[in-house]
Every structure is written in C-alpha cells, then in structure tokens.
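Below: the structure, in structure tokens.
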Amino acid sequence: MDELSTPEHDVEASGPADVQDTGEVLVDVRGLVKHYGPIRAVDGLDFTVRRGDVLGFMGPNGAGKTTAMRILTGFLEPDAGSVVMAGHDIATESLAARQKVGYLPENAPAYGEMTVSGFLEFVAEARGVVDVPSAIARVVASTGLQRVQHQTIDTLSKGFKRRVGLAQALIHDPEVLILDEPTDGLDPNQKAMVQDLIAKLSGDKCIILSTHILDEVERVCNRAMIINQGRILVDSTPAELVTRAPEHNVVRLTLAEDRPELPKALEERPWCDRVEVSKDGDGVSLAIHPKDGGNHLSEILELAADATLLSVEQREGRLDDVFRAVTQGVSQ
Amino acid sequence: MSQSGRFTGLKAVFKREFKGYFASPLGYIFIVIFLVASGWLTVSRDFGRFLELRQASLDPFFAHVPWLFVVLVPAVAMRLWAEERKSGTVELLFTLPVTLEASFLGKFLAGWCFLGFSLVLTWPLVWQVARLGSPDWGVLFAGYLACVLLAAAYLAVGMFFSAITKNQVVAFILGTAASVAFLLVGLPQTLETVGRYLGGYAEQVLLSLSLSDHFETLTRGLMELGSITFFIVFTGTWLVCGMLALDRVKAS
C-alpha cells in the first residue's frame, strides 16, 4: 500500500476521516489483488464500508471497478487478499457471505424467457427466502414493477429490466448491496426513481455502487472512491472532493466599466492565485482564483464596493473536473 | 437459509430449468421431432421392421433411439451453459448462494427429466405392442432403462461442451461429434480396423468404451451390472469434467 499513501493518492484504508465511522463494519477488504494474464486488474485494494454508508465507486473504463465488485460478490477469486462480508469470509464461508449480499451485475442480466415474478421467485428460492410471495410483493412495490409483473423479461424496456435486476438484488433484504452501474442507460425519470430508492435503502444497509455519473455520487453517496489501474486514488466524501475542483470558490464578477486597479488589488492578497480579465458585450469580467480553494467572497465584494457590479457568481466546482484531474494525472 | 452444503440451491435451479423447457418453443420442438421421427422410423416399411418382425417387441424403436438422441440431446444441452455465459446470467447465478455442483447437477437433472418425459410420451408404441401380442415386459423395461441411461450420457457430454464455449452452435457440433465418436467405436467395422492395426487389447478397450455396445446389451434384456455401471461412470466423469471446466472459464 506504499504507493497509495503518496500525497496525490489521498487514501485511508478505513475510509475518509469526515465520514462518521460509528456504524458496524459490513465490508472489510484487505490487500485485494487480481491479475488477468500480465494485467494487474486489481492492485492492492484496501478499504472498509460501514452500515449506513453509500460508497460511490468511480473510475474510468477498465479501472478495475467491475473486477473488484465481482470479487466482493464471490464470482471471482482474488489472487491475493481477503474480503469479509458481514462477518463471513468470502473465500472460506462463500455461501454465508453471498447470502448477505444483494448484487446487481453490470447490464442487469436476467433469464429473458421468464416472467418478472417467475424470475423473482427463482432468486428468492435460491436464496432460501421463507415467505416468497411476500418478498416478491415487497420488491415489486418498491421498484415499481406492478404493471409488468406478469410480462416476460425479454419484452421489457431497458429501464424495466434494470428495475428487475434491482428487485432481485433486494429480494432477501440484504445487509450489503452491490450495484454495478445501476442507472446506466435509464432515462432521467428512471434514474431519479432508482436514485431515490437507493437513498431510501441506505439507512440500515451498506451500499457500494459503481457509476460514471458523477452527479449520482453527489446525490446519493456519502462516500466517494476513485480508482484507476486497480488502485484507490481517492477515498473521500463527495462534498470534500468538490473542494478539490480547480474551479472551487472561483468568483466571477461582471463590472459595468473597466477598473484596472481592482485586479491588481486582488492579486496583492496573499490568498489570491490569479485574476483573469476578459471583456464581453455587457462589461468586464474578472475571474478570481483563490490559491487555497477558500471562500473569500466577502473580501472580494469589499474591494469591489465602489464598482458597479452587473453580476456576481461563486463557483462550487464540479466532481467531473476532480475525476478528470485525478485519473488523467495517473494515466499520464 | 433452508438449505446448506454442497448441493445448496439444487432444487431452485432444477425447478427453473425444468419449467424453462416448457416456457420456450425449444422443449415442444424437441418433443414433436423426437416423437414423429422415432414413431416413423419404427413403423415405416423402409426403415423399421416393426410390422415385418411380427413380434411384440420394440427392437426397431430401440435401434433408432441412439441415432436420434445423438443429434437431439446435444441440441438440448448446447444452451445450458453457453447461453448463461453469453447473456451474463452466469454471474447472477454464481453470486447467489448456489454451489457449482448444485447448479450443474440441477441443470443436468432437469434436462434428464425432460428427456425422460419425452420417452414417456412414446407410450402409444408400448400400448400398441401390448395390444398386438404379449411383449416381454422385462426386455421393454431394460430397453427404456438403456434409453434413459444413454440420454444421461449424451447430456453430460453435451453439457461439458456447452460449459467450455459461449457459442451454442460450437457446443452443439462438438457435443454431437463426441457423442457420435463414442457410438461409432463399438461398430464392427471400427473394431475390426483398430484390431488389425493396434491389436486385440486396443479393440477390447474401445469396445468397453462403446456406448452402442453397452446400450445394445441392455436392450437385449440383459440387465448387466457392468453396462449400467459403465453408463453411470461415463456420465459422472463427463459431469465432473464439465464442472471443472466451467469453474475455470465461467468468468472469461
């Protein structure tokens, strides 16, 4: 793990400091390694996830997300390392560990010739659910599948198929939920519905979801992990990650007239990195970049008090920019 | 969990698979082709000797079953794993608390029961024989037992090839070729050629591995333990090889 402890790889094995670590540890991953031939797909993953956590697993294509999830769910055996799911080691107590996990694989595979309720019945029976009809009724209601319950899966839209995948993952009310791109290919309404469902479920479970949609991480996750080339690059909260965006707390002022002394005055401030001046149709724009990503809006407004301001905008920054900066930095 | 151990999940897999044969056209197509072909080959003047023999026996039927099954059973087996691997449901299946043994045997038993059900549907032939004369029920029973055991053997071979490829057509071709090979090694011409070049010992080894030889032994009404054991060991070996192969390639 030495390479993960370098300054640019801001990682703590037990999770970020600002995520409350009061919940019971449900997923404990230690030194996970997996090779595909000469390629090291997973390279020493080391983290824990607690009850109540919703962990967003992010990374470019081929980063090792799906491989890691397949190891976590017992589908693949790691070359090294261990995974403990709700107290059961996935290698030595595989069935017990799998029983604790609900898994939505990538592309939500399902037996197309079966009806939705027939498929859910099969999964419930395979998982040893005692009251199968009640379990089916519960997940059908929570995933909004009532209308298509008796349809064969092959005839469903992509959105409904994804919901069927979610329903099977929830059928035994698992403690750990692992979702591989749960909203991929869904329309905005369906995405919102799935995200709301994940948010609702998060209280007494631990959820790990992989996604390319960074808004989704901001919306439903309380923890965000960026991996690339099988390694954890960042393990933090979405809110903290946003503060690392190059545009975080950049203030953009639009002045009615040119005030050459103002950029100069701003640049003399110790916290100011640079001021970009541009002229547009309405007036003159100043983009004030702080060195530390700190919030200096009030000071900026004080300095510009005698100027005529047409607009003031303070940028929060975007997770996309952080993602790009972190993953491209490593790739290069 | 209501089940535990090596065969956890077998019942659920069996139930899903068996119902699956009747949820798609495949099962019905198989049954129709098998019944029409076996019935026609048995009673037709050119191929069968059913009427000419003027005996209350189903020898012509049993003579054609190995050649019908050698094409039809690999067609049943080809999708069992190849389809799971191609569609990605194999990932779903093996992240359920279901063991590899349970899922493999669940599929095998479902397929075997389906083939057994198809054989049960040939009851009109038995009824006709019983109506026309006094059949030897022991020979009839042994003949059907041979068919059931042969179906298991072909199915296990087909499942092995279905496990090692995602392509159902490839699985079908390889499964059929291997089954035909184990059928042909018992033919007199094959044995004669092998005996001439490799000696009598090789001929004996080939004969002992011949599906057709053991099948014919049973259909003659000889309930030889050796032949029954051969089918059980043959089927078990292919099933174990299939499981080992699947375990290696399931995620590729």
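As shown in the structure tokens, the chain order sets the letters A, B, ...; within each chain, residues go from 1, and ligands are also counted from 1 in the order they appear.
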For B:Glu192, please output as a list in words all residues within 12 Å (counting only C-alpha atoms; exclusion window: fewer than 6 positions along the same chain).
Val185, Gly186, Leu198, Gly199, Gly200, Tyr201, Ala202, Glu203, Gln204, Leu206 and Leu207 of chain B
Output file for the residues above (C-alpha atoms, as a tab-separated table (two decimals), in the first residue's frame):
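This went into result.tsv:
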```tsv
chain	number	residue	atom	x	y	z
B	185	VAL	CA	-16.22	-47.01	-31.56
B	186	GLY	CA	-18.47	-50.01	-30.93
B	198	LEU	CA	-3.39	-51.89	-32.82
B	199	GLY	CA	-4.13	-55.39	-31.67
B	200	GLY	CA	-6.85	-57.13	-29.71
B	201	TYR	CA	-6.21	-55.25	-26.49
B	202	ALA	CA	-6.99	-51.88	-28.09
B	203	GLU	CA	-10.07	-53.46	-29.62
B	204	GLN	CA	-11.24	-54.58	-26.18
B	206	LEU	CA	-12.60	-49.49	-27.47
B	207	LEU	CA	-15.42	-51.96	-27.09
```
Find the residues near B:Phe34: any atom within 8 Å, counting only C-alpha atoms, skip ones fewer than 2 places away on the same chain, and give them as a list in words.
Phe30, Ile31, Val32, Val36, Ala37, Ser38, Leu68, Leu72 and Ser118 of chain B
For B:Leu174, work out the shell of residues within 12 Å, counting only C-alpha atoms and skipping chain neighbours fewer than 2 positions away, then give it as a PyMOL selection string.
chain B and resi 70-71+74-75+77-78+154+157-165+167-172+176-181
Taking the DSSP secondary structure from the backbone, can you list the residues of stretch 21-185 of chain A that are strand (DSSP E or B), as a ChimeraX atom specification?
/A:25-36,39-50,54-58,80-85,88-89,101-104,115,152,176-180
With N, CA and C atoms kept, could you save the residues just selected as a tab-separated table (two decimals), in the first residue's frame?
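So selection_5.tsv came out as:
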```tsv
chain	number	residue	atom	x	y	z
A	25	VAL	N	-18.87	-2.38	10.78
A	25	VAL	CA	-18.19	-2.66	9.51
A	25	VAL	C	-18.86	-3.86	8.84
A	26	LEU	N	-19.38	-3.67	7.65
A	26	LEU	CA	-20.05	-4.76	6.94
A	26	LEU	C	-19.19	-5.32	5.80
A	27	VAL	N	-18.34	-4.47	5.26
A	27	VAL	CA	-17.45	-4.94	4.19
A	27	VAL	C	-16.02	-4.60	4.58
A	28	ASP	N	-15.19	-5.62	4.64
A	28	ASP	CA	-13.80	-5.41	5.04
A	28	ASP	C	-12.91	-6.02	3.96
A	29	VAL	N	-12.26	-5.16	3.20
A	29	VAL	CA	-11.44	-5.61	2.07
A	29	VAL	C	-9.98	-5.34	2.40
A	30	ARG	N	-9.15	-6.37	2.26
A	30	ARG	CA	-7.73	-6.23	2.62
A	30	ARG	C	-6.82	-6.74	1.51
A	31	GLY	N	-6.00	-5.87	1.00
A	31	GLY	CA	-4.92	-6.26	0.08
A	31	GLY	C	-5.35	-7.06	-1.14
A	32	LEU	N	-6.48	-6.65	-1.73
A	32	LEU	CA	-7.05	-7.42	-2.85
A	32	LEU	C	-6.22	-7.25	-4.13
A	33	VAL	N	-5.87	-8.37	-4.72
A	33	VAL	CA	-5.09	-8.35	-5.97
A	33	VAL	C	-5.72	-9.34	-6.95
A	34	LYS	N	-5.84	-8.94	-8.21
A	34	LYS	CA	-6.34	-9.84	-9.25
A	34	LYS	C	-5.62	-9.55	-10.56
A	35	HIS	N	-5.11	-10.60	-11.18
A	35	HIS	CA	-4.45	-10.46	-12.48
A	35	HIS	C	-5.30	-11.10	-13.55
A	36	TYR	N	-5.29	-10.52	-14.74
A	36	TYR	CA	-5.76	-11.21	-15.94
A	36	TYR	C	-4.53	-11.35	-16.83
A	39	ILE	N	-1.89	-8.52	-16.90
A	39	ILE	CA	-2.52	-7.26	-16.47
A	39	ILE	C	-2.96	-7.37	-15.02
A	40	ARG	N	-2.55	-6.37	-14.22
A	40	ARG	CA	-2.95	-6.32	-12.81
A	40	ARG	C	-4.24	-5.51	-12.74
A	41	ALA	N	-5.38	-6.20	-12.77
A	41	ALA	CA	-6.67	-5.51	-12.84
A	41	ALA	C	-7.03	-4.87	-11.50
A	42	VAL	N	-6.70	-5.56	-10.42
A	42	VAL	CA	-6.92	-5.01	-9.08
A	42	VAL	C	-5.58	-5.09	-8.36
A	43	ASP	N	-5.17	-3.94	-7.80
A	43	ASP	CA	-3.79	-3.83	-7.35
A	43	ASP	C	-3.71	-3.38	-5.89
A	44	GLY	N	-4.09	-4.26	-5.00
A	44	GLY	CA	-3.94	-3.94	-3.58
A	44	GLY	C	-5.04	-3.09	-3.01
A	45	LEU	N	-6.30	-3.40	-3.33
A	45	LEU	CA	-7.41	-2.62	-2.76
A	45	LEU	C	-7.53	-2.93	-1.27
A	46	ASP	N	-7.80	-1.87	-0.51
A	46	ASP	CA	-7.80	-1.97	0.95
A	46	ASP	C	-8.81	-0.96	1.48
A	47	PHE	N	-9.97	-1.39	1.89
A	47	PHE	CA	-10.94	-0.43	2.44
A	47	PHE	C	-12.01	-1.15	3.27
A	48	THR	N	-12.72	-0.39	4.06
A	48	THR	CA	-13.86	-0.93	4.80
A	48	THR	C	-15.08	-0.07	4.49
A	49	VAL	N	-16.25	-0.68	4.58
A	49	VAL	CA	-17.50	0.06	4.40
A	49	VAL	C	-18.41	-0.30	5.57
A	50	ARG	N	-19.05	0.72	6.14
A	50	ARG	CA	-19.87	0.52	7.34
A	50	ARG	C	-21.34	0.57	7.02
A	54	VAL	N	-23.07	4.82	1.83
A	54	VAL	CA	-23.33	4.60	0.41
A	54	VAL	C	-22.04	5.02	-0.30
A	55	LEU	N	-21.30	4.03	-0.76
A	55	LEU	CA	-19.98	4.29	-1.35
A	55	LEU	C	-20.09	4.31	-2.86
A	56	GLY	N	-19.72	5.45	-3.44
A	56	GLY	CA	-19.69	5.58	-4.90
A	56	GLY	C	-18.32	5.15	-5.40
A	57	PHE	N	-18.32	4.14	-6.24
A	57	PHE	CA	-17.08	3.58	-6.77
A	57	PHE	C	-16.91	4.19	-8.16
A	58	MET	N	-15.93	5.07	-8.32
A	58	MET	CA	-15.79	5.75	-9.61
A	58	MET	C	-14.44	5.40	-10.24
A	80	ALA	N	-4.82	-12.56	-4.38
A	80	ALA	CA	-4.34	-12.32	-3.02
A	80	ALA	C	-5.33	-11.41	-2.32
A	81	GLY	N	-5.28	-11.42	-0.99
A	81	GLY	CA	-6.15	-10.55	-0.22
A	81	GLY	C	-7.39	-11.26	0.28
A	82	SER	N	-8.18	-10.52	1.06
A	82	SER	CA	-9.38	-11.12	1.66
A	82	SER	C	-10.55	-10.16	1.62
A	83	VAL	N	-11.74	-10.73	1.63
A	83	VAL	CA	-12.98	-9.95	1.69
A	83	VAL	C	-13.85	-10.58	2.77
A	84	VAL	N	-14.28	-9.77	3.72
A	84	VAL	CA	-15.20	-10.26	4.75
A	84	VAL	C	-16.50	-9.48	4.62
A	85	MET	N	-17.60	-10.23	4.40
A	85	MET	CA	-18.91	-9.63	4.21
A	85	MET	C	-19.77	-9.92	5.44
A	88	HIS	N	-18.52	-12.74	7.37
A	88	HIS	CA	-18.22	-14.02	6.72
A	88	HIS	C	-17.16	-13.81	5.63
A	89	ASP	N	-16.10	-14.60	5.71
A	89	ASP	CA	-15.05	-14.52	4.70
A	89	ASP	C	-15.55	-15.11	3.39
A	101	VAL	N	-25.35	-10.62	0.69
A	101	VAL	CA	-25.14	-9.60	-0.35
A	101	VAL	C	-26.25	-9.65	-1.40
A	102	GLY	N	-26.72	-8.50	-1.80
A	102	GLY	CA	-27.59	-8.38	-2.97
A	102	GLY	C	-26.75	-7.75	-4.07
A	103	TYR	N	-26.80	-8.31	-5.27
A	103	TYR	CA	-25.89	-7.85	-6.31
A	103	TYR	C	-26.63	-7.59	-7.61
A	104	LEU	N	-26.41	-6.43	-8.15
A	104	LEU	CA	-26.91	-6.11	-9.49
A	104	LEU	C	-25.69	-6.07	-10.42
A	115	THR	N	-41.07	-14.84	-16.68
A	115	THR	CA	-41.82	-13.64	-16.32
A	115	THR	C	-41.09	-12.98	-15.15
A	152	THR	N	-43.02	-11.33	-19.73
A	152	THR	CA	-41.70	-11.97	-19.81
A	152	THR	C	-40.63	-10.86	-19.89
A	176	VAL	N	-25.82	-5.98	2.68
A	176	VAL	CA	-24.86	-5.32	1.76
A	176	VAL	C	-25.45	-5.35	0.35
A	177	LEU	N	-25.45	-4.20	-0.27
A	177	LEU	CA	-25.99	-4.11	-1.63
A	177	LEU	C	-24.87	-3.62	-2.54
A	178	ILE	N	-24.61	-4.39	-3.60
A	178	ILE	CA	-23.55	-4.01	-4.54
A	178	ILE	C	-24.18	-3.82	-5.91
A	179	LEU	N	-24.07	-2.62	-6.44
A	179	LEU	CA	-24.77	-2.28	-7.68
A	179	LEU	C	-23.75	-1.80	-8.70
A	180	ASP	N	-23.66	-2.52	-9.80
A	180	ASP	CA	-22.70	-2.15	-10.86
A	180	ASP	C	-23.44	-1.32	-11.91
```
List the neighbours of stretch 141-146 of chain B out to 8 Å using only C-alpha atoms; skip same-chain residues closer than 4 positions along the sequence, and give me the result as JSON, numbers by chain.
{"B": [62, 119, 137, 150, 215, 218, 219, 220, 221, 222, 223]}
Chain B residues near chain A (12 Å cut-off, only C-alpha atoms) as number ranges by chain
B: 1-17, 19-26, 83-100, 102-103, 106, 247-252
Generate a file of the selected residues that holds N, CA and C atoms, formatted as a short mmCIF file (atom, residue, chain, number, x, y, z; two decimals), in the first residue's frame.
```cif
data_model
loop_
_atom_site.label_atom_id
_atom_site.label_comp_id
_atom_site.auth_asym_id
_atom_site.auth_seq_id
_atom_site.Cartn_x
_atom_site.Cartn_y
_atom_site.Cartn_z
N MET B 1 -31.31 -19.53 5.88
CA MET B 1 -31.22 -20.42 4.72
C MET B 1 -31.78 -21.78 5.07
N SER B 2 -32.61 -22.27 4.21
CA SER B 2 -33.21 -23.56 4.48
C SER B 2 -32.33 -24.70 3.99
N GLN B 3 -31.35 -24.40 3.12
CA GLN B 3 -30.51 -25.47 2.59
C GLN B 3 -29.07 -25.15 2.95
N SER B 4 -28.26 -26.17 2.98
CA SER B 4 -26.85 -25.91 3.22
C SER B 4 -26.04 -27.02 2.57
N GLY B 5 -24.72 -26.77 2.47
CA GLY B 5 -23.84 -27.81 1.97
C GLY B 5 -23.60 -27.73 0.48
N ARG B 6 -23.06 -28.84 -0.01
CA ARG B 6 -22.57 -28.90 -1.38
C ARG B 6 -23.66 -28.71 -2.44
N PHE B 7 -24.88 -29.09 -2.09
CA PHE B 7 -25.94 -29.02 -3.10
C PHE B 7 -26.95 -27.91 -2.82
N THR B 8 -26.49 -26.89 -2.13
CA THR B 8 -27.34 -25.73 -1.86
C THR B 8 -27.80 -25.10 -3.16
N GLY B 9 -29.10 -24.95 -3.29
CA GLY B 9 -29.66 -24.29 -4.46
C GLY B 9 -30.06 -25.25 -5.57
N LEU B 10 -29.79 -26.56 -5.40
CA LEU B 10 -30.08 -27.52 -6.47
C LEU B 10 -31.58 -27.51 -6.84
N LYS B 11 -32.41 -27.51 -5.81
CA LYS B 11 -33.86 -27.59 -6.06
C LYS B 11 -34.35 -26.37 -6.88
N ALA B 12 -33.86 -25.20 -6.49
CA ALA B 12 -34.30 -23.98 -7.19
C ALA B 12 -33.83 -24.01 -8.66
N VAL B 13 -32.58 -24.43 -8.87
CA VAL B 13 -32.05 -24.48 -10.24
C VAL B 13 -32.82 -25.52 -11.05
N PHE B 14 -33.05 -26.69 -10.45
CA PHE B 14 -33.78 -27.75 -11.15
C PHE B 14 -35.16 -27.25 -11.59
N LYS B 15 -35.85 -26.63 -10.65
CA LYS B 15 -37.22 -26.17 -10.93
C LYS B 15 -37.24 -25.14 -12.06
N ARG B 16 -36.31 -24.19 -11.98
CA ARG B 16 -36.26 -23.16 -13.02
C ARG B 16 -35.96 -23.76 -14.38
N GLU B 17 -34.99 -24.67 -14.41
CA GLU B 17 -34.58 -25.26 -15.69
C GLU B 17 -35.68 -26.13 -16.28
N LYS B 19 -38.91 -26.06 -15.76
CA LYS B 19 -40.02 -25.21 -16.24
C LYS B 19 -39.61 -24.50 -17.53
N GLY B 20 -38.31 -24.18 -17.63
CA GLY B 20 -37.79 -23.46 -18.79
C GLY B 20 -38.02 -24.20 -20.11
N TYR B 21 -38.00 -25.55 -20.06
CA TYR B 21 -38.21 -26.31 -21.29
C TYR B 21 -39.60 -26.08 -21.86
N PHE B 22 -40.54 -25.77 -20.97
CA PHE B 22 -41.91 -25.59 -21.43
C PHE B 22 -42.28 -24.11 -21.55
N ALA B 23 -41.30 -23.22 -21.23
CA ALA B 23 -41.55 -21.79 -21.34
C ALA B 23 -41.08 -21.26 -22.69
N SER B 24 -40.36 -22.09 -23.44
CA SER B 24 -39.87 -21.65 -24.75
C SER B 24 -40.24 -22.73 -25.78
N PRO B 25 -40.20 -22.39 -27.06
CA PRO B 25 -40.58 -23.37 -28.08
C PRO B 25 -39.64 -24.58 -28.13
N LEU B 26 -38.42 -24.41 -27.60
CA LEU B 26 -37.41 -25.47 -27.73
C LEU B 26 -37.91 -26.83 -27.25
N GLU B 83 -25.41 -20.35 -23.14
CA GLU B 83 -26.35 -19.23 -23.08
C GLU B 83 -26.16 -18.43 -21.79
N GLU B 84 -25.95 -19.12 -20.69
CA GLU B 84 -25.72 -18.44 -19.40
C GLU B 84 -24.49 -17.54 -19.48
N ARG B 85 -23.45 -18.07 -20.11
CA ARG B 85 -22.20 -17.31 -20.18
C ARG B 85 -22.33 -16.15 -21.16
N LYS B 86 -23.03 -16.37 -22.27
CA LYS B 86 -23.15 -15.31 -23.27
C LYS B 86 -24.03 -14.17 -22.76
N SER B 87 -25.12 -14.51 -22.08
CA SER B 87 -26.05 -13.47 -21.63
C SER B 87 -25.61 -12.83 -20.31
N GLY B 88 -24.64 -13.42 -19.64
CA GLY B 88 -24.16 -12.85 -18.38
C GLY B 88 -24.90 -13.35 -17.16
N THR B 89 -25.92 -14.19 -17.35
CA THR B 89 -26.67 -14.68 -16.18
C THR B 89 -25.82 -15.60 -15.31
N VAL B 90 -24.71 -16.10 -15.88
CA VAL B 90 -23.82 -16.95 -15.08
C VAL B 90 -23.29 -16.16 -13.88
N GLU B 91 -23.10 -14.87 -14.08
CA GLU B 91 -22.60 -14.02 -12.99
C GLU B 91 -23.67 -13.89 -11.90
N LEU B 92 -24.90 -13.76 -12.35
CA LEU B 92 -26.01 -13.69 -11.38
C LEU B 92 -26.12 -15.00 -10.62
N LEU B 93 -26.07 -16.11 -11.36
CA LEU B 93 -26.26 -17.43 -10.76
C LEU B 93 -25.20 -17.72 -9.71
N PHE B 94 -23.94 -17.42 -10.03
CA PHE B 94 -22.87 -17.78 -9.11
C PHE B 94 -22.59 -16.72 -8.04
N THR B 95 -23.42 -15.69 -8.00
CA THR B 95 -23.35 -14.79 -6.84
C THR B 95 -24.56 -15.01 -5.94
N LEU B 96 -25.43 -15.93 -6.34
CA LEU B 96 -26.48 -16.41 -5.43
C LEU B 96 -25.83 -17.47 -4.54
N PRO B 97 -26.44 -17.77 -3.40
CA PRO B 97 -25.84 -18.84 -2.57
C PRO B 97 -26.14 -20.22 -3.16
N VAL B 98 -25.60 -20.46 -4.34
CA VAL B 98 -25.80 -21.71 -5.07
C VAL B 98 -24.41 -22.25 -5.40
N THR B 99 -24.16 -23.51 -5.08
CA THR B 99 -22.82 -24.07 -5.37
C THR B 99 -22.72 -24.45 -6.84
N LEU B 100 -21.48 -24.59 -7.29
CA LEU B 100 -21.23 -25.01 -8.67
C LEU B 100 -21.84 -26.40 -8.91
N ALA B 102 -24.33 -27.81 -7.33
CA ALA B 102 -25.81 -27.74 -7.32
C ALA B 102 -26.33 -27.21 -8.64
N SER B 103 -25.69 -26.17 -9.16
CA SER B 103 -26.20 -25.59 -10.40
C SER B 103 -25.97 -26.54 -11.58
N GLY B 106 -28.31 -29.49 -11.02
CA GLY B 106 -29.70 -29.03 -11.18
C GLY B 106 -30.08 -28.96 -12.65
N ASP B 247 -15.79 -24.11 -13.88
CA ASP B 247 -15.19 -23.35 -12.79
C ASP B 247 -14.02 -22.51 -13.29
N ARG B 248 -13.31 -23.03 -14.27
CA ARG B 248 -12.14 -22.31 -14.80
C ARG B 248 -12.54 -21.17 -15.74
N VAL B 249 -13.60 -21.41 -16.51
CA VAL B 249 -13.88 -20.44 -17.59
C VAL B 249 -15.10 -19.57 -17.33
N LYS B 250 -15.80 -19.77 -16.22
CA LYS B 250 -17.10 -19.09 -16.05
C LYS B 250 -16.99 -17.57 -16.16
N ALA B 251 -15.89 -17.00 -15.71
CA ALA B 251 -15.78 -15.54 -15.71
C ALA B 251 -15.09 -14.98 -16.94
N SER B 252 -14.68 -15.86 -17.86
CA SER B 252 -13.92 -15.35 -19.02
C SER B 252 -14.87 -14.88 -20.11
#
```
Please, what distance in Å, to one decimal, runs between atom CA of A:Gly64 and atom CA of A:Asn222?
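Atom CA of A:Gly64 sits 21.3 Å away from atom CA of A:Asn222.
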So what do you get for atom CA of A:Thr66 versus atom CA of A:Glu181, distance-wise?
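Computing it gives 9.3 Å between the two atoms.
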For A:Arg244, list every protein, DNA or RNA residue within 9 Å, evaluated using only C-alpha atoms, and leave out those in the same chain fewer than 5 positions away; present the list as an mmCIF file with N, CA and C atoms, in the first residue's frame.
```
data_model
loop_
_atom_site.group_PDB
_atom_site.id
_atom_site.type_symbol
_atom_site.label_atom_id
_atom_site.label_comp_id
_atom_site.auth_asym_id
_atom_site.auth_seq_id
_atom_site.Cartn_x
_atom_site.Cartn_y
_atom_site.Cartn_z
ATOM 1 N N GLY A 293 -8.385 27.430 -2.450
ATOM 2 C CA GLY A 293 -9.755 26.951 -2.645
ATOM 3 C C GLY A 293 -10.709 27.492 -1.589
ATOM 4 N N GLY A 317 -17.559 24.280 -8.151
ATOM 5 C CA GLY A 317 -16.650 23.278 -8.728
ATOM 6 C C GLY A 317 -17.429 22.038 -9.098
ATOM 7 N N ARG A 318 -16.860 21.235 -9.961
ATOM 8 C CA ARG A 318 -17.564 20.051 -10.437
ATOM 9 C C ARG A 318 -16.747 18.800 -10.159
ATOM 10 N N LEU A 319 -17.491 17.757 -9.753
ATOM 11 C CA LEU A 319 -16.852 16.479 -9.473
ATOM 12 C C LEU A 319 -16.174 15.921 -10.732
ATOM 13 N N ASP A 321 -14.530 17.531 -12.917
ATOM 14 C CA ASP A 321 -13.189 18.097 -13.057
ATOM 15 C C ASP A 321 -12.197 17.394 -12.126
ATOM 16 N N VAL A 322 -12.671 17.076 -10.912
ATOM 17 C CA VAL A 322 -11.797 16.374 -9.964
ATOM 18 C C VAL A 322 -11.472 14.995 -10.525
#
```
